[in-house]
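Before any comments, here is the structure.
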Amino acid sequence: MLQEYLLFNDEFQAVDAPILTASNRSFKFGDGLFESMRMINNKLQFADLHADRLTAGMKALKIDGHALMDDYFLRQKTADLAKRNKWNGNVRFRLSVYRGGAGVYTPEINKAGYILEGIPLKASTYELNSKGLIIDVFDEMTKPVNRLSNFKTANALLYVMAGLFKSQNRLDEAMILNQYGFLCESISANVFVVYNKHIYTPSLAEGCISGVMRTAIMQLCKMNDMPLIEAQINPEILKEAEEVFITNATQGIQWVMGYGRKRYFNEVSKFLIDKLNNL
């Protein structure tokens, strides 16, 4: 039995427990992971890819219950929450999964609990940003490359610090480097660079999140015979690229307009978001 919380009309409706307590291991130790998902016209997008990543992440963290959290589970729970709240079928969800029970650094049990939250959206399609993003490279901290790097864990301090850097420098987004100084990802998305008519994205070996939208865009490129290469990318390429865009499961594709004095096009971004909505 999973410990379950659903966010319903801004209050937690709990099964098995009344509230989320201060002893929660995700709160105390970052002992958990999460999925950001999007429902469009009452259909949870890429539910199978979210379920695959969630299962793999729970296995990596040695949290029990991953067999129950398949794509059917995700579709059922998100649909139920949308129905309870009388949302219009266009919703952004966050599913946070944590290790339940007591213990300090050494857990006493590995039982999974989860919290599902939702925010209704107006748009019923993925929409390309009308104004391109202004970015810079965050180099005050780097992302470690290890077996947890590809998952969205509850430990997000690196992204918080990058977010502060973004705000302090009046940016729209910041690029994060891995421990070796190569391009990894942005604060909340995967990165794609168009250079010499090829599309490049950091490989998973570089420590980036194994993004659901990243996978979808790679599949779209293959379907449309667009050369795409997973690679180790020097951040200097940002000064030479024709186009840069970022992707995540809730926003789809966002194009980057500028990096320093460099300005980019958005032809590939426009093409891919049209193909994405046709899916």
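Numbering starts fresh at 1 for the residues of each chain in the structure tokens, the chains themselves are lettered A, B, ... in the order given, and ligands are numbered from 1 as they appear.
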With only C-alpha atoms as the counted atoms, please give the residues lying no more than 7 Å from range 171-178 of chain A, apart from itself and same-chain residues fewer than 5 positions off, as a PDB file with C-alpha atoms, in the first residue's frame.
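The result, written out as out.pdb:
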```pdb
ATOM      1  CA  LEU A 133      14.957  33.913 -23.910  1.00  0.00           C
ATOM      2  CA  ILE A 134      18.094  35.729 -22.811  1.00  0.00           C
ATOM      3  CA  ILE A 135      20.584  33.337 -21.215  1.00  0.00           C
ATOM      4  CA  ASP A 136      24.015  33.136 -19.640  1.00  0.00           C
ATOM      5  CA  VAL A 137      26.194  30.337 -18.287  1.00  0.00           C
ATOM      6  CA  PHE A 138      26.050  29.684 -14.539  1.00  0.00           C
ATOM      7  CA  ASP A 139      29.572  28.660 -13.499  1.00  0.00           C
ATOM      8  CA  THR A 142      28.712  22.576 -11.418  1.00  0.00           C
ATOM      9  CA  LYS A 143      26.602  19.429 -11.575  1.00  0.00           C
ATOM     10  CA  PRO A 144      28.156  16.143 -10.438  1.00  0.00           C
ATOM     11  CA  VAL A 145      28.028  13.252 -12.879  1.00  0.00           C
ATOM     12  CA  ALA A 162      21.306  28.897 -10.610  1.00  0.00           C
ATOM     13  CA  LYS A 166      19.330  34.148 -13.162  1.00  0.00           C
ATOM     14  CA  LEU A 183      27.293  21.969 -21.202  1.00  0.00           C
ATOM     15  CA  CYS A 184      24.795  19.919 -19.177  1.00  0.00           C
ATOM     16  CA  GLU A 185      21.299  21.478 -19.059  1.00  0.00           C
ATOM     17  CA  SER A 186      19.450  24.616 -18.026  1.00  0.00           C
ATOM     18  CA  ILE A 187      17.731  25.312 -14.707  1.00  0.00           C
ATOM     19  CA  GLU A 206      27.257  14.280 -19.333  1.00  0.00           C
ATOM     20  CA  GLY A 207      24.929  14.184 -16.312  1.00  0.00           C
TER      21      GLY A 207
END
```
What are the DSSP strand (DSSP E) residues of range 130-222 of chain A, as a count of residues only? 32
Contacts between range 53-61 of chain A and range 165-270 of chain A, please, where a residue of range 165-270 of chain A counts if it comes within 12 Å (with only C-alpha atoms); show its shortest atom pair and distance in Å to one decimal, rows by chain and ascending number, as CSV.
```
residue,atom,partner,partner_atom,distance
A:Ile209,CA,A:Arg53,CA,10.0
A:Ser210,CA,A:Arg53,CA,7.7
A:Gly211,CA,A:Arg53,CA,8.6
A:Val212,CA,A:Arg53,CA,8.1
A:Met213,CA,A:Arg53,CA,11.9
A:Thr215,CA,A:Arg53,CA,11.0
```
Would you mind listing what lies within 8 Å of Lys111 in chain A as a list in words, with only C-alpha atoms counted and same-chain residues fewer than 6 positions away left out? Leu2, Ile63, Asp64, Gly65, Arg99, Gly100 and Gly101 of chain A
Neighbour list for range 31-43 of chain A as a count of residues only, cut-off 6 Å, only C-alpha atoms, skip fewer than 5 positions in-chain: 18
Neighbour list for Thr201 in chain A as a PyMOL selection string, cut-off 9 Å, only C-alpha atoms, skip fewer than 6 positions in-chain: chain A and resi 183-185+190-194+214+228-233
With C-alpha atoms retained, export the selected residues as a compact mmCIF listing (two decimals), in the first residue's frame.
```txt
# COMPACT_ATOMS: atom_id res chain seq x y z
CA LEU A 183 27.29 21.97 -21.20
CA CYS A 184 24.79 19.92 -19.18
CA GLU A 185 21.30 21.48 -19.06
CA ASN A 190 17.30 20.10 -21.50
CA VAL A 191 19.40 22.01 -24.01
CA PHE A 192 19.60 21.68 -27.81
CA VAL A 193 22.07 23.55 -30.02
CA VAL A 194 21.80 23.92 -33.80
CA ARG A 214 14.15 15.54 -24.67
CA LEU A 228 20.73 14.93 -34.16
CA ILE A 229 23.84 14.05 -32.18
CA GLU A 230 24.16 13.33 -28.46
CA ALA A 231 27.56 14.67 -27.52
CA GLN A 232 29.96 16.26 -25.07
CA ILE A 233 29.44 19.97 -25.77
```
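Taking only C-alpha atoms into account, Phe245 in chain A lies nearest to A:Lys270 out of the set A:Lys222, A:Lys262, A:Arg170, A:Lys270.
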